[in-house]
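Chemist: Please find one structure pasted underneath; my questions will follow.
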Amino acid sequence: MSAPWWDSDENRSAVEYRAYVGNLPWGTDERSLKDFFDYRPLNADIIYQIVTDRETGRSRGFGFVWFDDEESLSNAIHGMNGQELGGRTITVDRANQRPRRWRR
């Protein structure tokens, strides 16, 4: 049964293998993040998302990368955290699970 007051009907209790990537240069887009990220499972589609400002469309300096499994996520965190991208030291860490929200 779906509840109309939730923001989606997705099962949010499922484990999510998502990395937070912070301190990105303002000019970073999904393509440049994908080119930079070395840790990819061979037969997987990885989703890259850069968070942008609604009004300007410019990067807000952080994004997320989704992985297929725990091992790929852990390898990416250990290998990419502290690397330099565009003159900035990036932060890579496990992203917090997104809580359900009330619809507005």
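By convention in this document, the chains of the structure tokens carry letters A, B, ... by their order, each chain's residues are numbered from 1, and ligands are numbered from 1 in the order they are shown.
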Which residues are close to Gln49 in chain A, i.e. within 6 Å by only C-alpha atoms, leaving aside same-chain residues fewer than 6 positions away? Reply as a list of chain:residue names.
Modeler: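 Residues meeting the cut-off are A:Glu30, A:Gly63, A:Phe64.
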Chemist: For Ser32 in chain A, find every residue with an atom within 12 Å (counting only C-alpha atoms), except residues of its own chain fewer than 6 positions away, and show them as a PyMOL selection string.
Modeler: chain A and resi 24-26+38+48-50+63+85-86
Chemist: Pull all heavy atoms from the residues just selected and write them as a CSV table (one decimal), in the first residue's frame.
Modeler:
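Now in again.csv:
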```csv
chain,number,residue,atom,x,y,z
A,24,LEU,N,34.5,19.4,-4.8
A,24,LEU,CA,34.7,19.4,-6.2
A,24,LEU,C,34.9,20.8,-6.8
A,24,LEU,O,34.3,21.8,-6.3
A,24,LEU,CB,33.6,18.7,-7.0
A,24,LEU,CG,33.4,17.3,-6.7
A,24,LEU,CD1,32.0,16.8,-7.3
A,24,LEU,CD2,34.5,16.5,-7.3
A,25,PRO,N,35.7,21.0,-7.8
A,25,PRO,CA,35.8,22.3,-8.5
A,25,PRO,C,34.5,22.7,-9.0
A,25,PRO,O,33.7,21.8,-9.5
A,25,PRO,CB,36.8,22.1,-9.6
A,25,PRO,CG,37.6,20.9,-9.2
A,25,PRO,CD,36.7,20.0,-8.4
A,26,TRP,N,34.2,24.0,-9.1
A,26,TRP,CA,32.9,24.5,-9.6
A,26,TRP,C,32.6,24.0,-11.0
A,26,TRP,O,31.4,23.8,-11.4
A,26,TRP,CB,32.8,26.0,-9.5
A,26,TRP,CG,32.9,26.5,-8.1
A,26,TRP,CD1,33.9,27.3,-7.7
A,26,TRP,CD2,32.1,26.2,-6.9
A,26,TRP,NE1,33.8,27.6,-6.3
A,26,TRP,CE2,32.7,26.9,-5.9
A,26,TRP,CE3,31.0,25.4,-6.7
A,26,TRP,CZ2,32.2,26.8,-4.6
A,26,TRP,CZ3,30.5,25.3,-5.5
A,26,TRP,CH2,31.1,26.0,-4.4
A,38,ASP,N,38.5,6.3,-10.9
A,38,ASP,CA,39.2,5.1,-11.4
A,38,ASP,C,38.5,3.8,-11.0
A,38,ASP,O,38.7,2.8,-11.6
A,38,ASP,CB,40.6,5.0,-10.8
A,38,ASP,CG,41.5,6.1,-11.3
A,38,ASP,OD1,41.2,6.6,-12.4
A,38,ASP,OD2,42.5,6.4,-10.6
A,48,TYR,N,26.7,8.7,-12.0
A,48,TYR,CA,27.4,9.8,-11.5
A,48,TYR,C,26.4,11.0,-11.5
A,48,TYR,O,25.7,11.3,-12.5
A,48,TYR,CB,28.6,10.2,-12.4
A,48,TYR,CG,29.6,9.1,-12.6
A,48,TYR,CD1,29.5,8.1,-13.5
A,48,TYR,CD2,30.7,9.1,-11.7
A,48,TYR,CE1,30.4,7.1,-13.6
A,48,TYR,CE2,31.6,8.0,-11.8
A,48,TYR,CZ,31.5,7.1,-12.8
A,48,TYR,OH,32.4,6.1,-12.9
A,49,GLN,N,26.4,11.7,-10.3
A,49,GLN,CA,25.5,12.9,-10.3
A,49,GLN,C,26.2,14.0,-9.6
A,49,GLN,O,26.7,13.9,-8.5
A,49,GLN,CB,24.2,12.5,-9.4
A,49,GLN,CG,23.3,13.7,-9.2
A,49,GLN,CD,22.2,13.4,-8.2
A,49,GLN,OE1,22.3,12.5,-7.4
A,49,GLN,NE2,21.1,14.1,-8.3
A,50,ILE,N,26.2,15.2,-10.2
A,50,ILE,CA,26.7,16.4,-9.7
A,50,ILE,C,25.5,17.2,-9.2
A,50,ILE,O,24.6,17.4,-10.0
A,50,ILE,CB,27.6,17.2,-10.7
A,50,ILE,CG1,28.8,16.4,-11.2
A,50,ILE,CG2,28.0,18.5,-10.1
A,50,ILE,CD1,29.8,16.1,-10.1
A,63,GLY,N,28.9,15.9,-5.2
A,63,GLY,CA,28.1,15.0,-6.0
A,63,GLY,C,28.1,13.6,-5.4
A,63,GLY,O,28.5,13.4,-4.3
A,85,LEU,N,41.7,17.0,-7.8
A,85,LEU,CA,40.9,17.2,-9.0
A,85,LEU,C,40.8,18.7,-9.3
A,85,LEU,O,40.2,19.4,-8.4
A,85,LEU,CB,39.5,16.5,-8.9
A,85,LEU,CG,38.6,16.8,-10.1
A,85,LEU,CD1,39.2,16.2,-11.4
A,85,LEU,CD2,37.2,16.2,-9.8
A,86,GLY,N,41.4,19.1,-10.3
A,86,GLY,CA,41.3,20.6,-10.7
A,86,GLY,C,41.9,21.5,-9.6
A,86,GLY,O,41.4,22.6,-9.3
```
Chemist: For the alpha helix (DSSP H) assignment from backbone DSSP, which residues of range 48-95 of chain A qualify? Please present them as number ranges by chain.
Modeler: A: 70-80
Chemist: Quick one: of A:Asn23, A:Lys34, A:Val15, A:Gly57, who's nearest to Asn81 in chain A, counting only C-alpha atoms?
Modeler: A:Asn23
Chemist: In Å, how far is it from CA of Ser74 in chain A to CA of Arg88 in chain A?
Modeler: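 The value is 21.7 Å.
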Chemist: Env of Val65 in chain A: 12 Å cut, atoms = only C-alpha atoms, seq-sep filter 3 positions within chain, self excluded. Answer as an MDAnalysis selection string.
Modeler: chainID A and resid 16:22 30 33:34 36:40 45:51 62 68 72:73 76:77 80 92:95
Chemist: Do you have the CA of Thr89 in chain A-CA of Glu55 in chain A distance handy?
Modeler: 26.5 Å
